[in-house]
Every structure is written in C-alpha cells, then in structure tokens.
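This is query_15.cif (mmCIF, C-alpha atoms and all ligand atoms).
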```
data_data
#
loop_
_atom_site.label_atom_id
_atom_site.label_comp_id
_atom_site.auth_asym_id
_atom_site.auth_seq_id
_atom_site.Cartn_x
_atom_site.Cartn_y
_atom_site.Cartn_z
CA MET A 1 -20.26 -20.23 -15.61
CA THR A 2 -18.89 -17.46 -13.38
CA ASN A 3 -20.89 -14.22 -13.50
CA SER A 4 -19.36 -12.33 -10.63
CA VAL A 5 -16.12 -12.46 -8.65
CA ARG A 6 -15.30 -10.54 -5.48
CA VAL A 7 -11.67 -10.00 -4.50
CA ARG A 8 -10.11 -8.41 -1.43
CA ALA A 9 -6.82 -6.59 -1.90
CA PRO A 10 -4.81 -5.27 1.07
CA GLY A 11 -3.17 -1.95 1.71
CA LYS A 12 0.40 -1.81 3.02
CA VAL A 13 2.75 -0.07 5.36
CA ASN A 14 6.49 0.14 4.79
CA LEU A 15 8.41 -1.11 7.80
CA TYR A 16 11.64 -0.02 6.12
CA LEU A 17 12.22 2.28 3.16
CA ALA A 18 15.74 3.14 2.06
CA VAL A 19 15.97 5.27 -1.08
CA GLY A 20 18.92 5.70 -3.46
CA ALA A 21 19.68 8.40 -6.02
CA ARG A 22 17.21 8.89 -8.90
CA GLU A 23 18.15 6.90 -12.01
CA SER A 24 17.84 7.85 -15.67
CA ASP A 25 14.36 6.23 -15.94
CA GLY A 26 13.10 8.73 -13.34
CA TYR A 27 12.70 6.08 -10.63
CA HIS A 28 14.68 5.67 -7.42
CA PRO A 29 16.27 2.36 -6.39
CA LEU A 30 14.61 1.20 -3.17
CA ALA A 31 15.27 -1.32 -0.45
CA THR A 32 11.96 -1.60 1.31
CA VAL A 33 10.08 -3.99 3.56
CA PHE A 34 6.35 -4.07 2.95
CA GLN A 35 3.76 -5.44 5.31
CA ALA A 36 0.19 -6.03 4.04
CA VAL A 37 -2.49 -4.84 6.49
CA ASP A 38 -6.16 -5.69 6.83
CA LEU A 39 -7.45 -2.45 5.38
CA PHE A 40 -8.92 -3.97 2.22
CA GLU A 41 -10.29 -2.78 -1.09
CA ASP A 42 -13.21 -4.92 -2.30
CA VAL A 43 -13.12 -5.35 -6.06
CA THR A 44 -16.17 -6.99 -7.67
CA ALA A 45 -16.02 -7.89 -11.36
CA THR A 46 -19.24 -8.84 -13.14
CA THR A 47 -19.90 -9.88 -16.73
CA SER A 48 -20.89 -6.96 -18.95
CA ASP A 49 -20.75 -6.04 -22.63
CA ARG A 50 -18.29 -3.20 -21.99
CA LEU A 51 -15.72 -2.01 -19.45
CA GLU A 52 -17.19 0.18 -16.73
CA LEU A 53 -16.15 1.21 -13.22
CA THR A 54 -17.98 2.52 -10.19
CA MET A 55 -16.34 3.34 -6.86
CA THR A 56 -17.83 3.64 -3.39
CA GLY A 57 -16.41 4.27 0.09
CA ARG A 58 -13.29 6.44 0.37
CA ALA A 59 -13.36 7.29 -3.32
CA ALA A 60 -14.02 11.04 -3.35
CA GLY A 61 -12.34 12.83 -6.23
CA LEU A 62 -11.06 9.72 -7.98
CA PRO A 63 -11.49 9.47 -11.76
CA THR A 64 -13.29 6.43 -13.17
CA ASP A 65 -11.98 6.90 -16.72
CA GLU A 66 -8.94 5.48 -18.54
CA SER A 67 -6.60 7.17 -16.06
CA ASN A 68 -7.89 5.01 -13.20
CA LEU A 69 -5.39 2.28 -12.32
CA ALA A 70 -8.13 -0.38 -12.17
CA ILE A 71 -9.25 0.45 -15.73
CA ARG A 72 -5.61 0.37 -16.84
CA ALA A 73 -5.24 -3.03 -15.17
CA ALA A 74 -8.32 -4.36 -17.00
CA ASN A 75 -7.06 -3.06 -20.35
CA LEU A 76 -3.56 -4.45 -19.79
CA LEU A 77 -4.87 -7.89 -18.80
CA ALA A 78 -7.25 -8.04 -21.77
CA ALA A 79 -4.47 -7.00 -24.17
CA HIS A 80 -2.19 -9.66 -22.69
CA ALA A 81 -4.90 -12.31 -23.17
CA GLY A 82 -5.88 -11.02 -26.63
CA ILE A 83 -9.53 -10.44 -25.67
CA GLU A 84 -11.88 -7.46 -25.36
CA PRO A 85 -11.94 -5.86 -21.87
CA ARG A 86 -15.58 -6.48 -21.00
CA ALA A 87 -16.58 -6.31 -17.33
CA ARG A 88 -18.31 -4.16 -14.77
CA LEU A 89 -15.95 -3.27 -11.93
CA GLU A 90 -17.24 -2.09 -8.57
CA ILE A 91 -14.61 -1.06 -6.06
CA HIS A 92 -15.40 -0.37 -2.45
CA LYS A 93 -12.48 1.66 -1.14
CA ARG A 94 -11.30 1.67 2.45
CA ILE A 95 -7.65 2.63 1.93
CA PRO A 96 -7.14 6.42 2.01
CA VAL A 97 -6.45 8.00 -1.38
CA ALA A 98 -2.88 9.34 -1.75
CA GLY A 99 -2.14 8.14 1.79
CA GLY A 100 1.07 6.17 1.23
CA MET A 101 -0.77 2.86 1.70
CA ALA A 102 -0.99 1.72 -1.94
CA GLY A 103 -4.76 2.20 -2.31
CA GLY A 104 -4.62 2.63 -6.10
CA SER A 105 -2.19 -0.28 -6.40
CA ALA A 106 -4.54 -2.49 -4.36
CA ASP A 107 -7.36 -1.59 -6.78
CA ALA A 108 -5.16 -2.65 -9.70
CA ALA A 109 -4.06 -5.87 -7.97
CA GLY A 110 -7.66 -6.72 -7.06
CA THR A 111 -8.79 -6.05 -10.62
CA LEU A 112 -6.09 -8.35 -12.08
CA VAL A 113 -7.09 -11.21 -9.76
CA ALA A 114 -10.85 -10.70 -10.26
CA LEU A 115 -10.67 -10.50 -14.05
CA ASP A 116 -8.21 -13.38 -14.30
CA ARG A 117 -10.97 -15.49 -12.67
CA LEU A 118 -13.98 -13.90 -14.43
CA TRP A 119 -12.36 -14.25 -17.86
CA ARG A 120 -11.07 -17.77 -16.96
CA LEU A 121 -7.51 -16.90 -17.92
CA ASP A 122 -5.89 -18.85 -15.09
CA LEU A 123 -2.59 -17.01 -15.44
CA GLU A 124 0.47 -18.02 -13.41
CA PRO A 125 1.10 -15.83 -10.32
CA ALA A 126 4.44 -14.79 -11.89
CA THR A 127 2.60 -13.47 -14.96
CA LEU A 128 0.21 -11.44 -12.82
CA LEU A 129 3.18 -10.06 -10.86
CA SER A 130 4.95 -8.90 -14.02
CA LEU A 131 1.75 -7.36 -15.43
CA GLY A 132 1.28 -5.66 -12.06
CA ALA A 133 4.80 -4.20 -12.16
CA ARG A 134 3.92 -2.51 -15.46
CA LEU A 135 1.05 -0.71 -13.72
CA GLY A 136 2.93 0.61 -10.68
CA ALA A 137 5.78 -0.20 -8.32
CA ASP A 138 3.48 -1.26 -5.42
CA VAL A 139 1.06 -3.43 -7.44
CA PRO A 140 3.14 -6.65 -7.23
CA PHE A 141 3.24 -6.40 -3.44
CA CYS A 142 -0.55 -5.94 -3.23
CA LEU A 143 -0.79 -9.21 -5.19
CA MET A 144 1.74 -11.03 -3.02
CA GLY A 145 0.82 -9.74 0.46
CA GLY A 146 2.41 -10.95 3.70
CA THR A 147 5.79 -9.39 4.42
CA ALA A 148 8.28 -8.92 1.61
CA MET A 149 11.45 -7.08 0.71
CA GLY A 150 11.16 -4.96 -2.40
CA LEU A 151 14.27 -4.01 -4.37
CA GLY A 152 14.64 -2.16 -7.67
CA ARG A 153 11.64 0.14 -7.96
CA GLY A 154 10.17 -1.76 -5.01
CA ASP A 155 8.68 -4.35 -7.35
CA ALA A 156 11.43 -7.02 -7.25
CA LEU A 157 9.98 -8.95 -4.33
CA THR A 158 11.32 -11.56 -1.95
CA PRO A 159 8.95 -12.86 0.74
CA LEU A 160 10.41 -12.43 4.23
CA LEU A 161 9.88 -14.55 7.29
CA SER A 162 7.99 -12.45 9.83
CA ARG A 163 6.88 -13.85 13.15
CA GLY A 164 4.04 -12.40 15.16
CA SER A 165 1.25 -9.97 14.45
CA TYR A 166 1.45 -6.18 14.42
CA ILE A 167 -1.49 -4.13 15.71
CA TRP A 168 -1.50 -0.67 14.17
CA LEU A 169 -3.35 2.54 14.68
CA LEU A 170 -3.41 4.14 11.22
CA ILE A 171 -3.74 7.91 11.44
CA THR A 172 -4.89 9.29 8.11
CA GLN A 173 -5.12 12.82 6.73
CA ARG A 174 -7.92 14.49 4.76
CA VAL A 175 -5.45 15.87 2.19
CA GLY A 176 -3.05 13.32 0.71
CA LEU A 177 0.48 13.61 -0.65
CA SER A 178 1.62 13.12 -4.23
CA THR A 179 4.27 10.38 -4.34
CA PRO A 180 6.26 12.02 -7.20
CA LEU A 181 6.35 15.32 -5.26
CA VAL A 182 7.71 13.57 -2.16
CA PHE A 183 10.43 11.92 -4.27
CA ASP A 184 11.20 15.35 -5.82
CA ALA A 185 11.55 16.83 -2.32
CA PHE A 186 13.82 13.89 -1.38
CA ASP A 187 16.04 14.73 -4.39
CA ALA A 188 16.19 18.38 -3.35
CA THR A 189 17.45 17.54 0.17
CA PRO A 190 20.87 19.17 0.61
CA GLY A 191 23.84 16.94 1.40
CA PRO A 192 25.87 14.18 -0.21
CA PRO A 193 24.10 11.84 -2.68
CA PRO A 194 22.33 8.91 -1.00
CA GLU A 195 24.09 5.56 -0.61
CA PRO A 196 22.84 2.54 -2.62
CA PRO A 197 19.91 1.32 -0.50
CA ALA A 198 19.94 -1.94 1.47
CA VAL A 199 17.90 -3.54 4.24
CA GLU A 200 20.05 -4.06 7.34
CA GLU A 201 20.58 -7.68 8.25
CA ARG A 202 19.79 -7.09 11.93
CA PHE A 203 16.43 -5.64 10.89
CA ALA A 204 15.51 -8.71 8.84
CA ARG A 205 16.56 -10.92 11.75
CA ALA A 206 14.31 -9.00 14.18
CA LEU A 207 11.40 -9.48 11.76
CA ALA A 208 12.04 -13.22 11.61
CA GLU A 209 12.34 -13.42 15.40
CA GLY A 210 9.09 -11.53 15.94
CA ASP A 211 10.81 -8.67 17.76
CA THR A 212 8.13 -6.18 16.76
CA THR A 213 9.39 -3.43 19.06
CA TYR A 214 12.90 -3.63 17.60
CA VAL A 215 11.42 -3.56 14.10
CA VAL A 216 9.45 -0.40 14.69
CA MET A 217 12.12 1.36 16.79
CA ASN A 218 14.70 0.64 14.06
CA SER A 219 12.40 1.28 11.16
CA ARG A 220 13.80 3.67 8.58
CA ASN A 221 11.95 5.77 6.05
CA ASP A 222 14.07 8.06 3.89
CA LEU A 223 10.90 9.73 2.60
CA ALA A 224 9.76 10.75 6.09
CA ALA A 225 11.72 14.02 6.28
CA PRO A 226 10.60 15.34 2.86
CA ALA A 227 7.00 14.13 3.38
CA LEU A 228 6.71 15.71 6.82
CA THR A 229 8.15 18.97 5.47
CA LEU A 230 5.42 19.00 2.82
CA HIS A 231 2.50 18.02 5.08
CA ALA A 232 1.76 20.06 8.24
CA GLY A 233 -0.97 17.66 9.44
CA ALA A 234 1.29 14.62 9.26
CA ARG A 235 4.06 16.60 10.93
CA GLN A 236 1.73 17.49 13.81
CA VAL A 237 0.79 13.82 14.31
CA PHE A 238 4.41 12.68 14.07
CA GLU A 239 5.49 15.26 16.64
CA ALA A 240 2.66 14.18 18.97
CA CYS A 241 3.85 10.56 18.64
CA ALA A 242 7.43 11.61 19.51
CA HIS A 243 6.14 13.63 22.48
CA LEU A 244 4.19 10.61 23.78
CA ALA A 245 7.15 8.27 23.01
CA LEU A 246 4.93 6.16 20.75
CA PRO A 247 6.57 3.81 18.24
CA ALA A 248 5.35 5.40 15.00
CA ILE A 249 6.29 5.14 11.33
CA LEU A 250 5.30 7.08 8.25
CA SER A 251 3.82 4.74 5.66
CA GLY A 252 5.57 4.97 2.29
CA SER A 253 5.48 8.53 0.99
CA GLY A 254 2.84 9.45 3.61
CA PRO A 255 0.94 11.20 4.99
CA THR A 256 -0.54 8.18 6.87
CA ILE A 257 1.23 7.44 10.13
CA ALA A 258 1.11 3.99 11.71
CA VAL A 259 1.53 3.59 15.47
CA LEU A 260 2.40 0.15 16.82
CA CYS A 261 0.00 -0.73 19.67
CA PRO A 262 0.26 -3.50 22.26
CA ASP A 263 -3.45 -4.37 21.81
CA GLY A 264 -6.73 -3.30 20.22
CA GLU A 265 -7.94 -1.36 23.30
CA THR A 266 -4.81 0.81 23.24
CA ALA A 267 -5.39 1.45 19.52
CA THR A 268 -8.97 2.56 20.27
CA SER A 269 -8.02 4.92 23.09
CA LEU A 270 -5.05 6.37 21.19
CA GLY A 271 -7.38 6.88 18.21
CA ARG A 272 -9.68 8.93 20.42
CA TYR A 273 -6.69 11.01 21.59
CA PHE A 274 -5.47 11.78 18.06
CA ARG A 275 -8.98 12.63 16.85
CA GLU A 276 -9.39 15.11 19.71
CA HIS A 277 -5.91 16.64 19.74
CA THR A 278 -4.78 16.72 16.11
CA THR A 279 -6.22 17.53 12.69
CA ALA A 280 -6.14 13.82 11.73
CA ASP A 281 -8.94 12.76 9.37
CA SER A 282 -9.51 9.28 10.79
CA CYS A 283 -7.89 6.79 13.09
CA LEU A 284 -8.27 3.16 12.05
CA ALA A 285 -7.15 0.05 13.88
CA ALA A 286 -5.58 -2.55 11.59
CA HIS A 287 -3.27 -5.51 11.81
CA GLY A 288 -0.72 -7.21 9.64
CA PRO A 289 0.64 -9.16 7.98
CA VAL A 290 -2.30 -10.45 5.93
CA CYS A 291 -2.42 -12.22 2.58
CA GLY A 292 -2.38 -10.56 -0.83
CA ALA A 293 -5.25 -10.02 -3.29
CA HIS A 294 -7.50 -13.10 -3.23
CA VAL A 295 -10.93 -14.23 -4.35
CA VAL A 296 -13.48 -14.23 -1.50
CA ASP A 297 -16.70 -14.87 -3.41
CA GLU A 298 -17.72 -16.19 -6.80
CA THR A 299 -21.19 -16.73 -8.28
O1 LIG A 301 5.24 3.22 -9.92
P1 LIG A 301 4.30 4.28 -9.43
O2 LIG A 301 3.44 4.83 -10.53
O3 LIG A 301 3.51 3.88 -8.24
O4 LIG A 301 5.21 5.48 -8.95
C1 LIG A 301 4.71 6.79 -8.79
C2 LIG A 301 5.84 7.78 -8.86
O5 LIG A 301 6.67 7.65 -7.69
C3 LIG A 301 6.80 7.60 -10.02
O6 LIG A 301 6.35 8.29 -11.15
C4 LIG A 301 8.09 8.22 -9.48
O7 LIG A 301 8.03 9.62 -9.56
C5 LIG A 301 8.03 7.85 -8.02
N1 LIG A 301 8.80 6.63 -7.71
C6 LIG A 301 10.19 6.69 -7.72
N2 LIG A 301 10.91 5.55 -7.44
C7 LIG A 301 10.29 4.40 -7.13
C8 LIG A 301 8.87 4.31 -7.09
C9 LIG A 301 8.16 5.46 -7.39
O8 LIG A 301 10.76 7.75 -7.98
N3 LIG A 301 11.02 3.31 -6.86
#
```
How does the structure come out when it is put into structure tokens?
Amino acid sequence: MTNSVRVRAPGKVNLYLAVGARESDGYHPLATVFQAVDLFEDVTATTSDRLELTMTGRAAGLPTDESNLAIRAANLLAAHAGIEPRARLEIHKRIPVAGGMAGGSADAAGTLVALDRLWRLDLEPATLLSLGARLGADVPFCLMGGTAMGLGRGDALTPLLSRGSYIWLLITQRVGLSTPLVFDAFDATPGPPPEPPAVEERFARALAEGDTTYVVMNSRNDLAAPALTLHAGARQVFEACAHLALPAILSGSGPTIAVLCPDGETATSLGRYFREHTTADSCLAAHGPVCGAHVVDET
C-alpha cells in the first residue's frame, strides 16, 4: 500500500502572450506559448485522517486554509472521485509567489497528481487536465509541461515541437503582482480594442527549428506594458536588460523577468550584476523545457 507520494511540478515562462478583449465571463482570450522550467514545487502527499497542508520554502504570507489552491485541488479531486479528502500535504515552494510563473498553479497540479496516486484513482490525463482547468487557467499546463500553445483562457493546450534547450536567468522581485490587477490595467490601456489573439506562424516555426534567439527576440507579451507600469522594480530590471541589449522577457503577468543566456556561467555572472545593481530579490538560473507534474518518489 502507498503511504506517501512525492511529486515535482514545474513553473513556467510565457514565450509568447497575446491578449484579446475581456469577455463576458471576465476572462481574456489568450494565444500563449508556455515553456515549463526546472524551478519545481515539491508536493508530498501522505495518508492522514483529515486534509491538512504545510508549506516550506518560498511560502511567506500564503494561506494554508480552504483558499489555498492545493487545498481546493484536493477537495475537487475527492469530490470528483466521491471520497473524503484525507491526506497530509507538504509543499516545498521554490517558485516565487505572485511572480508570473504559475507557482500556485504548480501546487495545484502537483496535488492532483500526488493524490491521484495516493488515493489510487488512476484517472486519465485528460480528466486531470479538465479538473485542473476548473482550478485556474495555468494548472493544465503545469500538468502537461514541455512547450505548449494555450488558447481560450490559456487552458486549451496543444503541445508544440520545440528543439533545443533554453538557459534562463530568472530575476524575481520581493513584492509580486496580482494577475487580475495586471489584466485590469491592460483593459484600461488607451487605444483601439485588441485584435483576436493568435500565435504567429513564423514564431512557431522558429521554436520547432530551435532558433532560440529568434524566439526570444520576437517574443511578445501584451501584459508587459501594464505590468511594468505597475511595478517599479520590474521596470528597473527590464530597462537594465534593454540597456545591456540582453534578450529578456516578462513572464506572464510578471514581475519575474527571464533573460536568455548562452550558458550557465553567463547566467551566474549576470545574476551577480542584477543583484548588485538593481532591487531584484533573487536571481535564479533555470532551464526549459522540462516535463510536467510527475511522481518522483513513492513509499
Ligand atoms: O484562472 P486564474 O485564477 O489563474 O486567473 C486569475 C485571474 O486572471 C482571473 O480572475 C482573471 O482576472 C485573470 N485572467 C484573465 N484571462 C485569462 C486568465 C486569467 O482575465 N485568460
């Protein structure tokens, strides 16, 4: 019998993020390209007589009650299976909170995979994906991993061919950004209404060909302008990247900025530079794409 399951769930960066006009359900249609990166949340689920959650690592200020996305994932999965949600969840967080890297969604994805195994539900991947979509727009991608195009709310996924490996320097901020507020600021941008979003064909071809420089130089993020207006620290880092002619992208709704590096040594020395010259919280080297939430240990 399985008593404990440990799952790793990746964070993400958005290589492309085109946003359309807000719809009546309050969400915006997206055309995005996600890449999973090796900044992982570790989710351990252990048998227990009730549902409980503890968090370690980069977890400061996060609730562990019913509002936590991992608890919501456990309750949703148990309701789907028609069982009581009994398990002890321990999450070791590495992905910055409210950083635009889907940390909360990775917790939910990791919880779904861990409890599916602990409770011996053996659900189809498609079922986990649709349960994930009910928890948040980024949860399905944290389950799937790799590189994928997300349409609709970002949760209608198609895996994309992506050649080569991307080495990133992730520059995080101490104070995060609220995703809904960034979308509100996007809506308030003066000008004509946004076009229906689409991923350019040339961009997808560059991904498939492994033309990483083209990908990053032609990356698009419609949330970058509103996010950088709202966050002075991210703006400072972004401006420093432009000044140094570094290929940098804002991840999702920010404020994390990802700089494409030719190798790990460059990532380390650039990290030192940004720590010394900006108000960045931390500089982390990471690479992608990596696989989605998966079991790494079971006892
Ligand atoms: O789905 P999730 O809970 O992660 O989304 C957080 C918020 O981000 C939503 O409440 C909404 O305000 C905004 N959002 C959006 N359009 C999307 C995804 C998210 O407006 N496609």
- Task: Identify the residues within 12 Å of coordinate (10.6, -2.7, 20.0) (same frame as the file), considering only C-alpha atoms, and give the answer as an MDAnalysis selection string.
- Result: chainID A and resid 166 203 206:207 209:219 245:248 259:262
Would you compute an axis-aligned box for ligand LIG 301 (chain A), covering every atom listed for it in the file with 6 Å of margin on each side, and report centre and edge lengths in Å to one decimal as JSON?
```
{"center_x": 7.2, "center_y": 6.4, "center_z": -9.0, "size_x": 19.6, "size_y": 18.4, "size_z": 16.3}
```
- Message: Distance limit 6 Å, reference ligand LIG 301 (chain A), atoms considered: all atoms listed in the file. Which residues make the cut? Give them as a PyMOL selection string.
- Response: chain A and resi 26-30+136-138+153-154+179-180+183
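Nearest-residue note for Gly150 of chain A: choosing from A:Asp184, A:Arg202, A:Leu177, A:Ala133, the minimum distance belongs to A:Ala133, counting all atoms listed in the file.
Nearest to Leu39 of chain A of all the residues A:Val295, A:Leu284, A:Ala198, A:Leu69 is A:Leu284, counting all atoms listed in the file.
Taking all atoms listed in the file into account, Glu90 of chain A lies nearest to A:Leu51 out of the set A:Leu169, A:Val290, A:Leu161, A:Leu51.
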- Query: Pick the closest to Gly103 of chain A from A:Phe186, A:Phe274, A:Phe141, A:Trp168: which is it, counting only C-alpha atoms?
  - Reply: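 Closest to Gly103 of chain A, using only C-alpha atoms: A:Phe141.
With only C-alpha atoms as the atoms that count, the minimum distance from Pro159 of chain A to the choices A:Val33, A:Arg86, A:Glu276, A:Gln173 is reached by A:Val33.
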Provide segment 87-101 of chain A rebuilt to N, CA and C atoms, formatted as a PDB file, in the coordinates of the input.
```pdb
ATOM      1  N   ALA A  87     -16.224  -5.979 -18.713  1.00  0.00           N
ATOM      2  CA  ALA A  87     -16.580  -6.310 -17.330  1.00  0.00           C
ATOM      3  C   ALA A  87     -17.070  -5.051 -16.628  1.00  0.00           C
ATOM      4  N   ARG A  88     -17.928  -5.269 -15.649  1.00  0.00           N
ATOM      5  CA  ARG A  88     -18.310  -4.160 -14.770  1.00  0.00           C
ATOM      6  C   ARG A  88     -17.516  -4.308 -13.486  1.00  0.00           C
ATOM      7  N   LEU A  89     -16.767  -3.246 -13.149  1.00  0.00           N
ATOM      8  CA  LEU A  89     -15.950  -3.270 -11.930  1.00  0.00           C
ATOM      9  C   LEU A  89     -16.590  -2.380 -10.885  1.00  0.00           C
ATOM     10  N   GLU A  90     -16.769  -2.910  -9.691  1.00  0.00           N
ATOM     11  CA  GLU A  90     -17.240  -2.090  -8.570  1.00  0.00           C
ATOM     12  C   GLU A  90     -16.189  -2.196  -7.475  1.00  0.00           C
ATOM     13  N   ILE A  91     -15.669  -1.046  -7.086  1.00  0.00           N
ATOM     14  CA  ILE A  91     -14.610  -1.060  -6.060  1.00  0.00           C
ATOM     15  C   ILE A  91     -15.101  -0.323  -4.830  1.00  0.00           C
ATOM     16  N   HIS A  92     -15.085  -1.035  -3.715  1.00  0.00           N
ATOM     17  CA  HIS A  92     -15.400  -0.370  -2.450  1.00  0.00           C
ATOM     18  C   HIS A  92     -14.069  -0.062  -1.771  1.00  0.00           C
ATOM     19  N   LYS A  93     -13.791   1.244  -1.653  1.00  0.00           N
ATOM     20  CA  LYS A  93     -12.480   1.660  -1.140  1.00  0.00           C
ATOM     21  C   LYS A  93     -12.503   1.917   0.362  1.00  0.00           C
ATOM     22  N   ARG A  94     -11.497   1.381   1.029  1.00  0.00           N
ATOM     23  CA  ARG A  94     -11.300   1.670   2.450  1.00  0.00           C
ATOM     24  C   ARG A  94      -9.941   2.326   2.689  1.00  0.00           C
ATOM     25  N   ILE A  95      -9.014   2.105   1.764  1.00  0.00           N
ATOM     26  CA  ILE A  95      -7.650   2.630   1.930  1.00  0.00           C
ATOM     27  C   ILE A  95      -7.653   4.104   1.509  1.00  0.00           C
ATOM     28  N   PRO A  96      -7.104   4.999   2.357  1.00  0.00           N
ATOM     29  CA  PRO A  96      -7.140   6.420   2.010  1.00  0.00           C
ATOM     30  C   PRO A  96      -6.431   6.709   0.690  1.00  0.00           C
ATOM     31  N   VAL A  97      -7.036   7.606  -0.092  1.00  0.00           N
ATOM     32  CA  VAL A  97      -6.450   8.000  -1.380  1.00  0.00           C
ATOM     33  C   VAL A  97      -5.209   8.857  -1.113  1.00  0.00           C
ATOM     34  N   ALA A  98      -4.145   8.591  -1.875  1.00  0.00           N
ATOM     35  CA  ALA A  98      -2.880   9.340  -1.750  1.00  0.00           C
ATOM     36  C   ALA A  98      -2.387   9.365  -0.300  1.00  0.00           C
ATOM     37  N   GLY A  99      -2.498   8.206   0.371  1.00  0.00           N
ATOM     38  CA  GLY A  99      -2.140   8.140   1.790  1.00  0.00           C
ATOM     39  C   GLY A  99      -0.832   7.433   2.064  1.00  0.00           C
ATOM     40  N   GLY A 100      -0.174   6.912   1.017  1.00  0.00           N
ATOM     41  CA  GLY A 100       1.070   6.170   1.230  1.00  0.00           C
ATOM     42  C   GLY A 100       0.824   4.719   1.587  1.00  0.00           C
ATOM     43  N   MET A 101      -0.422   4.242   1.346  1.00  0.00           N
ATOM     44  CA  MET A 101      -0.770   2.860   1.700  1.00  0.00           C
ATOM     45  C   MET A 101      -1.130   2.011   0.491  1.00  0.00           C
TER      46      MET A 101
END
```
